[in-house]
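A.B. asks: Contents are mmCIF, C-alpha atoms and all ligand atoms; file name entry-v6.cif:
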```cif
data_final
loop_
_atom_site.label_atom_id
_atom_site.label_comp_id
_atom_site.auth_asym_id
_atom_site.auth_seq_id
_atom_site.Cartn_x
_atom_site.Cartn_y
_atom_site.Cartn_z
CA MET P 1026 21.54 -6.65 -0.04
CA SER P 1027 22.94 -8.49 2.96
CA GLN P 1028 24.05 -12.10 2.58
CA ALA P 1029 21.62 -13.01 5.37
CA VAL P 1030 18.64 -11.87 3.28
CA GLN P 1031 20.04 -12.79 -0.12
CA GLY P 1032 20.57 -16.38 0.91
CA GLN P 1033 17.01 -16.79 2.28
CA GLN P 1034 14.56 -19.14 0.65
CA GLY P 1035 11.60 -17.49 2.34
CA VAL P 1036 8.79 -15.34 1.03
CA LEU P 1037 7.50 -11.83 1.65
CA LEU P 1038 3.88 -10.84 2.15
CA VAL P 1039 2.85 -7.40 0.92
CA ILE P 1040 -0.41 -5.84 2.13
CA ASN P 1041 -2.33 -2.87 0.75
CA ALA P 1042 -5.43 -2.40 2.89
CA GLY P 1043 -8.33 -0.05 2.15
CA SER P 1044 -11.73 0.58 3.68
CA SER P 1045 -13.50 -2.32 1.98
CA SER P 1046 -10.66 -4.44 0.60
CA ILE P 1047 -7.28 -5.91 1.47
CA LYS P 1048 -5.03 -6.49 -1.53
CA PHE P 1049 -1.99 -8.70 -1.05
CA SER P 1050 0.96 -10.10 -2.97
CA VAL P 1051 3.40 -12.87 -2.19
CA PHE P 1052 7.01 -12.47 -3.33
CA GLU P 1053 9.79 -15.01 -3.55
CA ILE P 1054 13.41 -13.91 -3.43
CA GLU P 1055 15.46 -14.55 -6.56
CA PRO P 1056 19.01 -15.90 -6.23
CA ASN P 1057 20.29 -12.35 -6.98
CA GLY P 1058 18.30 -11.05 -4.00
CA ASP P 1059 15.52 -9.33 -5.99
CA PRO P 1060 11.89 -9.98 -5.04
CA HIS P 1061 9.72 -11.74 -7.63
CA GLU P 1062 5.92 -11.67 -7.37
CA ARG P 1063 4.40 -15.19 -7.36
CA PHE P 1064 0.83 -14.62 -6.18
CA GLY P 1065 -1.56 -11.70 -5.93
CA GLY P 1066 -5.02 -11.56 -4.46
CA GLN P 1067 -7.54 -9.71 -2.40
CA VAL P 1068 -10.43 -9.84 -0.02
CA GLU P 1069 -13.15 -7.61 -1.45
CA GLY P 1070 -16.42 -6.49 0.06
CA ILE P 1071 -15.21 -6.21 3.68
CA GLY P 1072 -18.08 -5.08 5.89
CA GLY P 1073 -20.49 -7.30 3.95
CA ALA P 1074 -20.43 -10.68 2.23
CA ALA P 1075 -16.75 -10.62 1.33
CA GLN P 1076 -14.90 -12.64 -1.30
CA PHE P 1077 -11.33 -13.94 -1.17
CA MET P 1078 -9.45 -14.64 -4.37
CA VAL P 1079 -5.81 -15.32 -5.20
CA LYS P 1080 -4.10 -15.85 -8.57
CA SER P 1081 -0.62 -16.91 -9.56
CA SER P 1082 1.50 -14.38 -11.47
CA ASP P 1083 0.48 -16.03 -14.76
CA GLY P 1084 -3.19 -15.38 -14.01
CA GLU P 1085 -4.31 -18.83 -12.86
CA LEU P 1086 -6.87 -18.86 -10.03
CA VAL P 1087 -5.20 -20.74 -7.15
CA GLY P 1088 -7.52 -20.00 -4.24
CA SER P 1089 -10.93 -18.55 -3.45
CA HIS P 1090 -13.43 -18.33 -0.62
CA ASP P 1091 -16.86 -16.73 -0.35
CA TRP P 1092 -18.33 -15.86 3.00
CA PRO P 1093 -22.11 -16.39 3.23
CA ASP P 1094 -24.50 -13.45 2.87
CA GLY P 1095 -25.04 -11.50 6.07
CA SER P 1096 -21.68 -12.51 7.57
CA ALA P 1097 -20.29 -8.92 7.75
CA VAL P 1098 -16.63 -9.92 7.41
CA ASP P 1099 -14.26 -7.53 9.18
CA HIS P 1100 -10.62 -6.65 8.46
CA ASP P 1101 -9.31 -9.13 11.07
CA GLN P 1102 -11.20 -12.03 9.49
CA ALA P 1103 -9.99 -10.98 6.05
CA LEU P 1104 -6.38 -10.89 7.24
CA HIS P 1105 -6.77 -14.30 8.91
CA GLN P 1106 -8.06 -15.76 5.64
CA ILE P 1107 -5.01 -14.40 3.77
CA ASP P 1108 -2.59 -15.65 6.44
CA ASP P 1109 -4.25 -19.10 6.54
CA TRP P 1110 -4.03 -19.41 2.76
CA LEU P 1111 -0.41 -18.32 2.82
CA ASN P 1112 0.54 -20.77 5.59
CA ALA P 1113 -1.00 -23.60 3.58
CA HIS P 1114 1.10 -22.61 0.54
CA LEU P 1115 4.48 -21.85 2.09
CA GLN P 1116 5.69 -25.41 1.44
CA GLY P 1117 8.08 -25.24 4.36
CA ARG P 1118 9.59 -21.87 3.40
CA PRO P 1119 9.61 -19.23 6.13
CA LEU P 1120 7.60 -16.03 5.90
CA LEU P 1121 10.38 -13.45 6.24
CA ALA P 1122 8.35 -10.29 6.73
CA CYS P 1123 5.10 -8.51 6.02
CA SER P 1124 5.32 -5.13 4.30
CA HIS P 1125 2.39 -2.71 4.54
CA ARG P 1126 1.38 0.30 2.51
CA VAL P 1127 0.61 3.03 5.05
CA VAL P 1128 -0.77 6.27 3.70
CA HIS P 1129 0.72 8.67 6.26
CA GLY P 1130 4.15 8.77 7.84
CA GLY P 1131 3.87 12.38 9.00
CA LEU P 1132 6.95 14.58 8.91
CA ARG P 1133 9.17 12.09 10.68
CA HIS P 1134 9.14 9.19 8.25
CA ALA P 1135 11.03 9.80 5.05
CA GLU P 1136 11.90 6.09 4.84
CA PRO P 1137 10.16 2.75 5.47
CA VAL P 1138 10.41 1.60 9.06
CA LEU P 1139 10.37 -1.65 11.06
CA ILE P 1140 7.22 -1.59 13.17
CA ASP P 1141 7.45 -1.86 16.95
CA ASP P 1142 5.11 -0.65 19.71
CA ALA P 1143 6.45 2.91 19.58
CA VAL P 1144 6.17 3.16 15.78
CA LEU P 1145 2.64 1.76 15.83
CA ALA P 1146 1.59 4.28 18.49
CA GLU P 1147 3.12 7.07 16.41
CA LEU P 1148 1.28 5.95 13.28
CA GLU P 1149 -1.98 5.72 15.21
CA ALA P 1150 -1.49 9.31 16.33
CA LEU P 1151 -1.43 10.29 12.63
CA CYS P 1152 -4.96 8.92 12.00
CA PRO P 1153 -6.57 12.39 12.24
CA LEU P 1154 -4.44 13.44 9.24
CA ALA P 1155 -5.84 10.64 7.07
CA PRO P 1156 -8.99 9.42 8.84
CA LEU P 1157 -10.41 7.60 5.82
CA HIS P 1158 -7.24 5.61 5.06
CA GLN P 1159 -4.78 5.35 7.98
CA PRO P 1160 -6.99 3.30 10.36
CA HIS P 1161 -7.56 0.70 7.61
CA ASN P 1162 -3.82 0.52 6.93
CA LEU P 1163 -3.02 -0.08 10.60
CA GLY P 1164 -5.73 -2.70 11.26
CA PRO P 1165 -3.93 -5.55 9.43
CA ILE P 1166 -0.66 -4.64 11.15
CA ARG P 1167 -2.29 -5.13 14.56
CA ALA P 1168 -4.04 -8.32 13.42
CA MET P 1169 -0.76 -9.76 12.11
CA ARG P 1170 1.10 -8.81 15.31
CA ALA P 1171 -1.52 -10.69 17.32
CA ARG P 1172 -1.17 -13.77 15.11
CA GLN P 1173 2.59 -13.74 14.57
CA PRO P 1174 4.24 -11.50 17.21
CA ASN P 1175 7.78 -12.32 16.04
CA LEU P 1176 7.23 -11.64 12.34
CA PRO P 1177 9.04 -8.47 11.20
CA GLN P 1178 6.50 -5.99 9.85
CA ILE P 1179 7.47 -2.98 7.81
CA ALA P 1180 5.51 0.23 7.16
CA CYS P 1181 6.08 1.98 3.81
CA PHE P 1182 4.55 5.42 3.48
CA ASP P 1183 2.81 7.18 0.61
CA THR P 1184 4.05 10.48 2.00
CA ALA P 1185 7.73 9.53 2.43
CA PHE P 1186 8.92 10.24 -1.13
CA HIS P 1187 7.80 13.87 -0.83
CA ARG P 1188 9.57 14.64 2.45
CA GLY P 1189 12.59 16.10 0.65
CA GLN P 1190 10.53 18.96 -0.87
CA SER P 1191 11.53 22.47 0.16
CA GLU P 1192 9.64 24.29 2.91
CA VAL P 1193 8.44 26.77 0.28
CA VAL P 1194 6.67 23.94 -1.50
CA GLN P 1195 5.39 22.17 1.62
CA GLN P 1196 3.82 25.09 3.48
CA PHE P 1197 0.41 26.68 2.96
CA ALA P 1198 0.02 30.45 3.33
CA LEU P 1199 -1.43 29.96 6.79
CA PRO P 1200 -0.41 31.35 10.20
CA GLN P 1201 2.68 29.68 11.66
CA ALA P 1202 0.74 28.15 14.55
CA VAL P 1203 -1.47 26.27 12.10
CA THR P 1204 1.54 25.09 10.08
CA LYS P 1205 3.23 23.96 13.30
CA ALA P 1206 0.13 21.96 14.15
CA GLY P 1207 0.85 19.84 11.05
CA VAL P 1208 -1.39 21.57 8.51
CA ARG P 1209 0.92 21.47 5.49
CA ARG P 1210 1.30 19.75 2.15
CA TYR P 1211 2.37 16.12 2.53
CA GLY P 1212 1.74 14.61 -0.91
CA PHE P 1213 0.73 10.99 -1.60
CA HIS P 1214 1.19 8.16 -4.17
CA GLY P 1215 4.84 8.23 -3.08
CA LEU P 1216 5.43 4.50 -3.55
CA SER P 1217 4.30 4.75 -7.15
CA TYR P 1218 6.52 7.78 -7.81
CA GLU P 1219 9.47 6.15 -6.10
CA TYR P 1220 9.07 3.08 -8.31
CA ILE P 1221 8.89 5.23 -11.46
CA ALA P 1222 11.97 7.18 -10.35
CA SER P 1223 13.81 3.89 -9.84
CA VAL P 1224 13.17 2.70 -13.41
CA LEU P 1225 13.77 6.01 -15.24
CA PRO P 1226 17.46 5.14 -15.85
CA GLN P 1227 16.36 2.06 -17.84
CA VAL P 1228 13.85 4.08 -19.89
CA HIS P 1229 16.05 6.87 -21.23
CA PRO P 1230 19.29 8.45 -19.95
CA ARG P 1231 17.83 11.94 -20.37
CA LEU P 1232 15.15 11.22 -17.78
CA VAL P 1233 17.61 10.52 -14.97
CA THR P 1234 18.65 14.13 -14.41
CA GLY P 1235 15.83 15.71 -16.44
CA ARG P 1236 12.76 17.68 -15.42
CA VAL P 1237 10.09 14.98 -15.28
CA ILE P 1238 6.39 15.16 -14.45
CA VAL P 1239 4.78 11.84 -13.52
CA ALA P 1240 1.00 11.56 -13.87
CA HIS P 1241 -0.36 8.81 -11.63
CA LEU P 1242 -3.90 8.46 -13.02
CA GLY P 1243 -5.81 5.71 -11.20
CA ASN P 1244 -9.00 6.00 -9.15
CA GLY P 1245 -7.00 8.43 -7.07
CA ALA P 1246 -4.83 10.70 -9.21
CA SER P 1247 -1.97 13.12 -8.74
CA LEU P 1248 1.07 14.59 -10.46
CA CYS P 1249 4.62 14.69 -9.15
CA ALA P 1250 7.29 17.06 -10.40
CA MET P 1251 10.65 15.26 -10.23
CA LYS P 1252 14.22 16.35 -10.68
CA ASP P 1253 17.14 13.94 -10.32
CA GLY P 1254 14.60 11.29 -9.32
CA ARG P 1255 13.43 13.32 -6.29
CA SER P 1256 10.03 14.89 -5.61
CA MET P 1257 10.03 18.68 -6.03
CA ALA P 1258 6.25 19.19 -5.81
CA SER P 1259 2.99 17.25 -6.00
CA THR P 1260 -0.63 18.13 -6.69
CA MET P 1261 -1.87 16.31 -3.59
CA GLY P 1262 -1.40 18.28 -0.40
CA PHE P 1263 -2.67 17.94 3.16
CA SER P 1264 -5.12 15.23 2.14
CA ALA P 1265 -5.68 12.94 -0.81
CA LEU P 1266 -8.44 15.33 -1.97
CA ASP P 1267 -6.25 18.04 -3.47
CA GLY P 1268 -5.13 18.57 -7.05
CA LEU P 1269 -6.59 16.67 -9.99
CA ALA P 1270 -10.21 15.66 -10.41
CA MET P 1271 -10.38 11.90 -9.66
CA GLY P 1272 -12.77 8.97 -9.86
CA THR P 1273 -14.94 10.16 -6.98
CA ARG P 1274 -12.85 12.99 -5.42
CA CYS P 1275 -13.20 16.62 -6.39
CA GLY P 1276 -9.52 17.65 -6.43
CA SER P 1277 -8.59 21.31 -5.82
CA LEU P 1278 -11.53 23.31 -4.55
CA ASP P 1279 -11.91 26.86 -3.39
CA PRO P 1280 -12.19 26.44 0.42
CA GLY P 1281 -15.05 28.95 0.28
CA VAL P 1282 -17.13 26.18 -1.30
CA VAL P 1283 -16.85 24.16 1.92
CA PHE P 1284 -18.24 27.05 4.00
CA HIS P 1285 -21.04 27.46 1.50
CA LEU P 1286 -21.92 23.76 1.68
CA LEU P 1287 -21.94 23.91 5.48
CA ARG P 1288 -23.74 27.21 6.02
CA GLU P 1289 -26.00 27.77 3.05
CA MET P 1290 -26.67 24.23 1.87
CA LYS P 1291 -26.87 23.02 5.49
CA LEU P 1292 -24.74 19.92 5.02
CA ALA P 1293 -23.15 18.35 8.10
CA PRO P 1294 -19.33 17.97 8.10
CA ASP P 1295 -19.64 14.21 7.48
CA GLN P 1296 -21.90 14.86 4.51
CA VAL P 1297 -19.43 17.35 3.05
CA GLU P 1298 -16.66 14.81 3.51
CA ARG P 1299 -18.67 12.13 1.73
CA LEU P 1300 -19.61 14.54 -1.06
CA LEU P 1301 -16.00 15.57 -1.72
CA TYR P 1302 -14.40 12.11 -1.34
CA ARG P 1303 -17.02 9.73 -2.69
CA GLU P 1304 -19.63 11.56 -4.74
CA SER P 1305 -17.60 14.06 -6.78
CA GLY P 1306 -14.94 13.72 -9.49
CA LEU P 1307 -15.81 11.77 -12.63
CA LEU P 1308 -18.73 10.07 -10.88
CA GLY P 1309 -20.33 13.28 -9.66
CA MET P 1310 -19.72 15.27 -12.83
CA SER P 1311 -20.95 12.58 -15.23
CA GLY P 1312 -23.70 11.15 -13.05
CA VAL P 1313 -22.76 7.85 -14.73
CA SER P 1314 -19.62 6.23 -13.29
CA ASN P 1315 -16.21 6.78 -11.75
CA ASP P 1316 -14.75 4.21 -14.13
CA MET P 1317 -12.88 5.64 -17.11
CA ARG P 1318 -13.70 2.68 -19.36
CA ALA P 1319 -17.43 3.10 -18.75
CA LEU P 1320 -17.18 6.84 -19.44
CA ARG P 1321 -15.18 6.46 -22.66
CA ALA P 1322 -17.84 4.00 -23.89
CA ARG P 1323 -20.47 6.75 -23.44
CA ALA P 1324 -18.34 9.74 -24.41
CA THR P 1325 -20.89 10.98 -26.97
CA GLU P 1326 -23.35 11.82 -24.19
CA PRO P 1327 -22.99 15.56 -23.44
CA GLN P 1328 -22.69 15.27 -19.65
CA VAL P 1329 -20.13 12.47 -19.91
CA ARG P 1330 -18.17 14.44 -22.53
CA LEU P 1331 -18.13 17.48 -20.24
CA ALA P 1332 -16.88 15.39 -17.30
CA LEU P 1333 -14.06 13.98 -19.45
CA ASP P 1334 -13.14 17.45 -20.71
CA ILE P 1335 -13.00 18.84 -17.16
CA TYR P 1336 -10.91 15.84 -16.05
CA VAL P 1337 -8.38 16.44 -18.84
CA HIS P 1338 -8.44 20.24 -18.41
CA ARG P 1339 -7.45 19.85 -14.76
CA ILE P 1340 -4.55 17.56 -15.64
CA VAL P 1341 -3.30 19.97 -18.31
CA ARG P 1342 -3.63 22.94 -15.95
CA GLU P 1343 -1.69 21.20 -13.19
CA ILE P 1344 0.99 20.01 -15.61
CA GLY P 1345 1.57 23.71 -16.27
CA SER P 1346 1.92 24.33 -12.54
CA MET P 1347 4.38 21.43 -12.10
CA ALA P 1348 6.39 22.58 -15.15
CA ALA P 1349 6.64 26.02 -13.51
CA VAL P 1350 8.15 24.43 -10.39
CA LEU P 1351 10.67 22.56 -12.55
CA GLY P 1352 11.43 25.55 -14.78
CA GLY P 1353 10.48 23.59 -17.91
CA LEU P 1354 9.84 20.02 -18.94
CA ASP P 1355 11.93 17.23 -20.42
CA ALA P 1356 9.48 14.37 -20.01
CA LEU P 1357 5.93 13.52 -19.01
CA VAL P 1358 5.29 9.99 -17.71
CA PHE P 1359 1.83 8.41 -17.59
CA THR P 1360 1.20 5.62 -15.08
CA ALA P 1361 -1.55 3.72 -13.11
CA GLY P 1362 -4.81 2.40 -14.64
CA ILE P 1363 -5.82 5.39 -16.79
CA GLY P 1364 -2.24 6.49 -17.45
CA GLU P 1365 -1.21 3.02 -18.60
CA HIS P 1366 -4.33 2.09 -20.60
CA GLY P 1367 -6.30 5.27 -21.33
CA VAL P 1368 -5.27 5.93 -24.94
CA ASP P 1369 -7.84 8.73 -25.40
CA THR P 1370 -7.01 10.44 -22.12
CA ARG P 1371 -3.29 10.43 -22.94
CA ALA P 1372 -3.96 11.86 -26.40
CA GLU P 1373 -6.19 14.63 -25.04
CA VAL P 1374 -3.70 15.54 -22.31
CA LEU P 1375 -0.88 15.73 -24.85
CA GLN P 1376 -3.01 17.91 -27.17
CA GLY P 1377 -3.25 20.36 -24.28
CA CYS P 1378 0.49 20.25 -23.65
CA GLN P 1379 1.74 21.21 -27.11
CA TRP P 1380 2.88 24.55 -25.74
CA LEU P 1381 5.41 22.61 -23.63
CA GLY P 1382 6.88 21.09 -26.79
CA LEU P 1383 5.12 17.73 -26.43
CA SER P 1384 3.97 16.44 -29.80
CA LEU P 1385 1.71 13.36 -29.74
CA ASP P 1386 2.55 10.41 -31.98
CA ALA P 1387 -0.95 8.97 -32.37
CA LYS P 1388 0.26 5.65 -33.80
CA ARG P 1389 2.71 5.04 -30.98
CA ASN P 1390 0.07 6.01 -28.43
CA GLU P 1391 -2.52 3.65 -29.88
CA ALA P 1392 0.02 0.83 -30.25
CA GLY P 1393 0.86 1.15 -26.55
CA GLU P 1394 4.51 1.95 -27.18
CA ARG P 1395 6.63 3.21 -24.35
CA CYS P 1396 7.44 6.59 -25.91
CA ILE P 1397 4.30 8.23 -27.36
CA THR P 1398 5.64 11.53 -28.72
CA GLN P 1399 7.31 12.41 -32.03
CA GLY P 1400 10.97 13.13 -32.48
CA ASP P 1401 14.18 12.11 -30.77
CA PRO P 1402 13.68 12.01 -26.97
CA ALA P 1403 17.32 13.02 -26.58
CA GLN P 1404 16.52 16.36 -28.28
CA VAL P 1405 12.94 17.35 -27.46
CA PRO P 1406 10.47 16.93 -24.60
CA SER P 1407 8.92 13.48 -24.69
CA ALA P 1408 6.03 11.55 -23.15
CA TRP P 1409 6.17 7.98 -21.89
CA VAL P 1410 3.95 5.20 -20.55
CA ILE P 1411 5.54 3.33 -17.67
CA PRO P 1412 3.54 0.77 -15.64
CA THR P 1413 3.83 1.39 -11.92
CA ASP P 1414 4.53 -1.33 -9.35
CA GLU P 1415 3.68 -0.24 -5.82
CA GLU P 1416 3.67 -3.85 -4.57
CA GLY P 1417 7.16 -4.44 -5.97
CA MET P 1418 8.30 -1.29 -4.18
CA LEU P 1419 6.83 -2.56 -0.90
CA ALA P 1420 8.73 -5.83 -1.33
CA ARG P 1421 11.99 -4.07 -2.18
CA HIS P 1422 11.63 -1.85 0.88
CA ALA P 1423 10.98 -4.86 3.11
CA LEU P 1424 14.19 -6.52 1.93
CA ALA P 1425 16.16 -3.33 2.47
CA VAL P 1426 14.82 -2.90 6.01
CA LEU P 1427 15.52 -6.58 6.80
CA ALA P 1428 19.05 -6.19 5.49
CA ARG P 1429 19.57 -3.04 7.55
CA THR P 1430 18.29 -4.60 10.74
CA ALA P 1431 19.79 -8.11 10.31
P1 LIG N 1 -6.54 2.28 -8.16
O1 LIG N 1 -6.28 3.71 -7.87
O2 LIG N 1 -7.80 1.77 -7.52
O3 LIG N 1 -5.34 1.36 -7.99
P2 LIG N 1 -6.16 1.81 -11.00
O4 LIG N 1 -4.76 2.31 -11.07
O5 LIG N 1 -6.40 0.35 -11.20
O6 LIG N 1 -6.92 2.28 -9.71
O7 LIG N 1 -6.99 2.62 -12.10
C1 LIG N 1 -8.37 2.46 -12.24
C2 LIG N 1 -8.83 3.29 -13.43
O8 LIG N 1 -8.15 2.83 -14.60
C3 LIG N 1 -10.33 3.16 -13.70
O9 LIG N 1 -10.89 4.43 -13.97
C4 LIG N 1 -10.35 2.30 -14.96
O10 LIG N 1 -11.48 2.56 -15.75
C5 LIG N 1 -9.10 2.76 -15.65
N1 LIG N 1 -8.72 1.81 -16.69
C6 LIG N 1 -8.34 0.51 -16.55
N2 LIG N 1 -8.17 -0.05 -17.77
C7 LIG N 1 -8.44 0.92 -18.69
C8 LIG N 1 -8.47 0.96 -20.11
N3 LIG N 1 -8.15 -0.11 -20.84
N4 LIG N 1 -8.78 2.13 -20.71
C9 LIG N 1 -9.11 3.22 -19.98
N5 LIG N 1 -9.12 3.24 -18.64
C10 LIG N 1 -8.80 2.10 -18.00
#
```
For the file at hand, write its structure as structure tokens.

C.D. replies:
Amino acid sequence: MSQAVQGQQGVLLVINAGSSSIKFSVFEIEPNGDPHERFGGQVEGIGGAAQFMVKSSDGELVGSHDWPDGSAVDHDQALHQIDDWLNAHLQGRPLLACSHRVVHGGLRHAEPVLIDDAVLAELEALCPLAPLHQPHNLGPIRAMRARQPNLPQIACFDTAFHRGQSEVVQQFALPQAVTKAGVRRYGFHGLSYEYIASVLPQVHPRLVTGRVIVAHLGNGASLCAMKDGRSMASTMGFSALDGLAMGTRCGSLDPGVVFHLLREMKLAPDQVERLLYRESGLLGMSGVSNDMRALRARATEPQVRLALDIYVHRIVREIGSMAAVLGGLDALVFTAGIGEHGVDTRAEVLQGCQWLGLSLDAKRNEAGERCITQGDPAQVPSAWVIPTDEEGMLARHALAVLARTA
């Protein structure tokens, strides 16, 4: 950390923008130079009657705003609301930078980057690779540049952590011309995996150089095979559709199904896209919900039970594939909403992974302990629950980029 940044009394704004929401966090800088989250909030319901809400880190509501019905709030208005609230609460401290989660950094960006005109143009050119996410990530960057042209803005990529994977892992078995056109495995959830990799040394020494599979199980879900804290493989590939079954996404699918949907079932490409991204996964299979809590509450219903079993089966199957890449397994880490809180899902996944030497400790799992397997983690494969912190990672990256460019 440079003295210039370490000595600052300012704050950092972290933005995670999606299609219908902008989540944000405000970080102060501790005397030792580490970022500390003070406020977190969001604008939800963008495109309709949106709501703004912000809480302090101890959960107290410190700001809110409801737009009237029929106002069709757009991303720019949402960003302005966040910036206005922040300006009113800076208490004279400068805003040092704004750090954005950006889904796609292409092949070029293996690190976070300070945004200028050229970088923004480059990131816009990547929109066809992530058309449902990238444009929403870039909108707030442009809105902030218009409002505060001199504020340093930093882009942190979900793909970056996976850029060190070997070519063997990254390429599909497609003709070279198609691969050269950018059709390859990129991998996502990189900020979450990077955070987990950064805290493994504090969890157990064996995890630092061990063969570790991290299961990021949120609404979106993927696995990452890690060795020495680096990504060796991931279940997500060209798009955020691949791999595990998710809340509303189908995960791995025989590409022949897409042709069948187009030709025989006469769906238009947009309809297929909506089906695979928004109407499949837990929601589509259960016909009930994409929310794991709602499904667990109705797990005795046969269709819900089947959806849960398929969800777990796909995780277990892909853990086998990631273990093959690593040549074995020393530790499995659960993270994100379902990974951190889904006691039943963790237990069922571990039941399916006994062949890898993982032996569930039901009491530890139910008590929410960090290590949830039996035996000495120094001797046998183990499973862990580690909360992720993508916002903290965005703040840490912003400070590092500021220090580098100071
Ligand atoms: P996102 O990908 O949107 O950030 P999260 O990481 O917040 O999502 O994960 C959302 C998922 O976590 C939902 O399916 C939700 O039901 C699940 N979840 C949250 N709390 C629990 C809980 N206590 N038990 C089981 N699942 C939970």

A.B. asks: Can you work out which residues are within 8 Å of ligand LIG 1 (chain N), considering only C-alpha atoms and all ligand atoms, and then hand them over as a PyMOL selection string?

C.D. replies: chain P and resi 1241-1246+1272+1315-1319+1321+1360-1370

A.B. asks: Within 6 Å of (1.3, -9.6, -5.5), only C-alpha atoms: residues as a ChimeraX atom specification?

C.D. replies: /P:1049-1051,1062,1064-1065

A.B. asks: Name the residues in contact with Gly1070 of chain P at a cut-off of 7 Å, using all atoms listed in the file, excluding same-chain residues fewer than 4 positions from it; report them as a list of chain:residue names.

C.D. replies: P:Ser1045, P:Ser1046, P:Ala1074, P:Ala1075, P:Gln1076

A.B. asks: With all atoms listed in the file as the counted atoms, please give the residues lying no more than 12 Å from Glu1373 of chain P, apart from itself and same-chain residues fewer than 2 positions off, as a list in words.

C.D. replies: Leu1333, Asp1334, Ile1335, Tyr1336, Val1337, His1338, Arg1339, Ile1340, Val1341, Gly1364, Gly1367, Val1368, Asp1369, Thr1370, Arg1371, Leu1375, Gln1376, Gly1377, Cys1378, Gln1379, Leu1383, Ser1384, Leu1385, Asp1386, Ala1387 and Asn1390 of chain P

A.B. asks: Counting only C-alpha atoms, what is within 10 Å of His1229 of chain P, bar same-chain residues fewer than 6 positions away, as a list in words?

C.D. replies: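 Listing them by chain and then by number gives Cys1396, Pro1402, Ala1403 and Trp1409 of chain P.
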
A.B. asks: For segment 1150-1158 of chain P, find every residue with an atom within 10 Å (counting all atoms listed in the file), except residues of its own chain fewer than 4 positions away, and show them as a PDB file with C-alpha atoms, in the frame of the given file.

C.D. replies:
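Result file selection-v3.pdb:
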```pdb
ATOM      1  CA  ALA P1042      -5.430  -2.400   2.890  1.00  0.00           C
ATOM      2  CA  GLY P1043      -8.330  -0.050   2.150  1.00  0.00           C
ATOM      3  CA  SER P1044     -11.730   0.580   3.680  1.00  0.00           C
ATOM      4  CA  VAL P1127       0.610   3.030   5.050  1.00  0.00           C
ATOM      5  CA  VAL P1128      -0.770   6.270   3.700  1.00  0.00           C
ATOM      6  CA  HIS P1129       0.720   8.670   6.260  1.00  0.00           C
ATOM      7  CA  GLY P1130       4.150   8.770   7.840  1.00  0.00           C
ATOM      8  CA  GLY P1131       3.870  12.380   9.000  1.00  0.00           C
ATOM      9  CA  VAL P1144       6.170   3.160  15.780  1.00  0.00           C
ATOM     10  CA  LEU P1145       2.640   1.760  15.830  1.00  0.00           C
ATOM     11  CA  ALA P1146       1.590   4.280  18.490  1.00  0.00           C
ATOM     12  CA  ASN P1162      -3.820   0.520   6.930  1.00  0.00           C
ATOM     13  CA  LEU P1163      -3.020  -0.080  10.600  1.00  0.00           C
ATOM     14  CA  GLY P1207       0.850  19.840  11.050  1.00  0.00           C
ATOM     15  CA  VAL P1208      -1.390  21.570   8.510  1.00  0.00           C
ATOM     16  CA  TYR P1211       2.370  16.120   2.530  1.00  0.00           C
ATOM     17  CA  PHE P1263      -2.670  17.940   3.160  1.00  0.00           C
ATOM     18  CA  SER P1264      -5.120  15.230   2.140  1.00  0.00           C
ATOM     19  CA  ALA P1265      -5.680  12.940  -0.810  1.00  0.00           C
ATOM     20  CA  GLU P1298     -16.660  14.810   3.510  1.00  0.00           C
ATOM     21  CA  TYR P1302     -14.400  12.110  -1.340  1.00  0.00           C
TER      22      TYR P1302
END
```

A.B. asks: Just the residues within 7 Å of segment 1185-1190 of chain P, please, counting all atoms listed in the file, with nothing from its chain fewer than 5 positions along; format it as a ChimeraX atom specification.

C.D. replies: /P:1130,1132,1134-1136,1195,1211-1212,1215,1219,1256-1258

A.B. asks: Using only C-alpha atoms, list the residues that have an atom at most 7 Å from (12.8, 0.0, 8.9), coordinates as in the file, as a list in words.

C.D. replies: Pro1137, Val1138, Leu1139, Ile1179 and Val1426 of chain P

A.B. asks: Kindly indicate which residue among P:Gly1309, P:Pro1412, P:Gly1276, P:Pro1177 lies nearest to Ala1240 of chain P, using all atoms listed in the file for the distances.

C.D. replies: P:Pro1412

A.B. asks: To one decimal place, how far is atom CA of Ala1103 of chain P from atom CA of Ala1428 of chain P in Å?

C.D. replies: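 A separation of 29.4 Å between them.
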
A.B. asks: With distances taken over only C-alpha atoms, which of P:His1105, P:Lys1205, P:His1214, P:His1125 is nearest to Ala1180 of chain P?

C.D. replies: P:His1125

A.B. asks: Write out N, CA and C atoms for segment 1358-1362 of chain P, as a short mmCIF file (atom, residue, chain, number, x, y, z; two decimals), keeping the file's coordinate frame.

C.D. replies:
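Final output, saved to rebuild18.cif:
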```
data_model
loop_
_atom_site.label_atom_id
_atom_site.label_comp_id
_atom_site.auth_asym_id
_atom_site.auth_seq_id
_atom_site.Cartn_x
_atom_site.Cartn_y
_atom_site.Cartn_z
N VAL P 1358 5.48 11.44 -17.83
CA VAL P 1358 5.29 9.99 -17.71
C VAL P 1358 3.86 9.71 -17.27
N PHE P 1359 3.17 8.84 -18.00
CA PHE P 1359 1.83 8.41 -17.59
C PHE P 1359 1.93 7.06 -16.89
N THR P 1360 1.21 6.92 -15.76
CA THR P 1360 1.20 5.62 -15.08
C THR P 1360 -0.13 5.39 -14.37
N ALA P 1361 -0.32 4.20 -13.78
CA ALA P 1361 -1.55 3.72 -13.11
C ALA P 1361 -2.64 3.46 -14.16
N GLY P 1362 -3.79 2.94 -13.73
CA GLY P 1362 -4.81 2.40 -14.64
C GLY P 1362 -5.10 3.26 -15.86
#
```
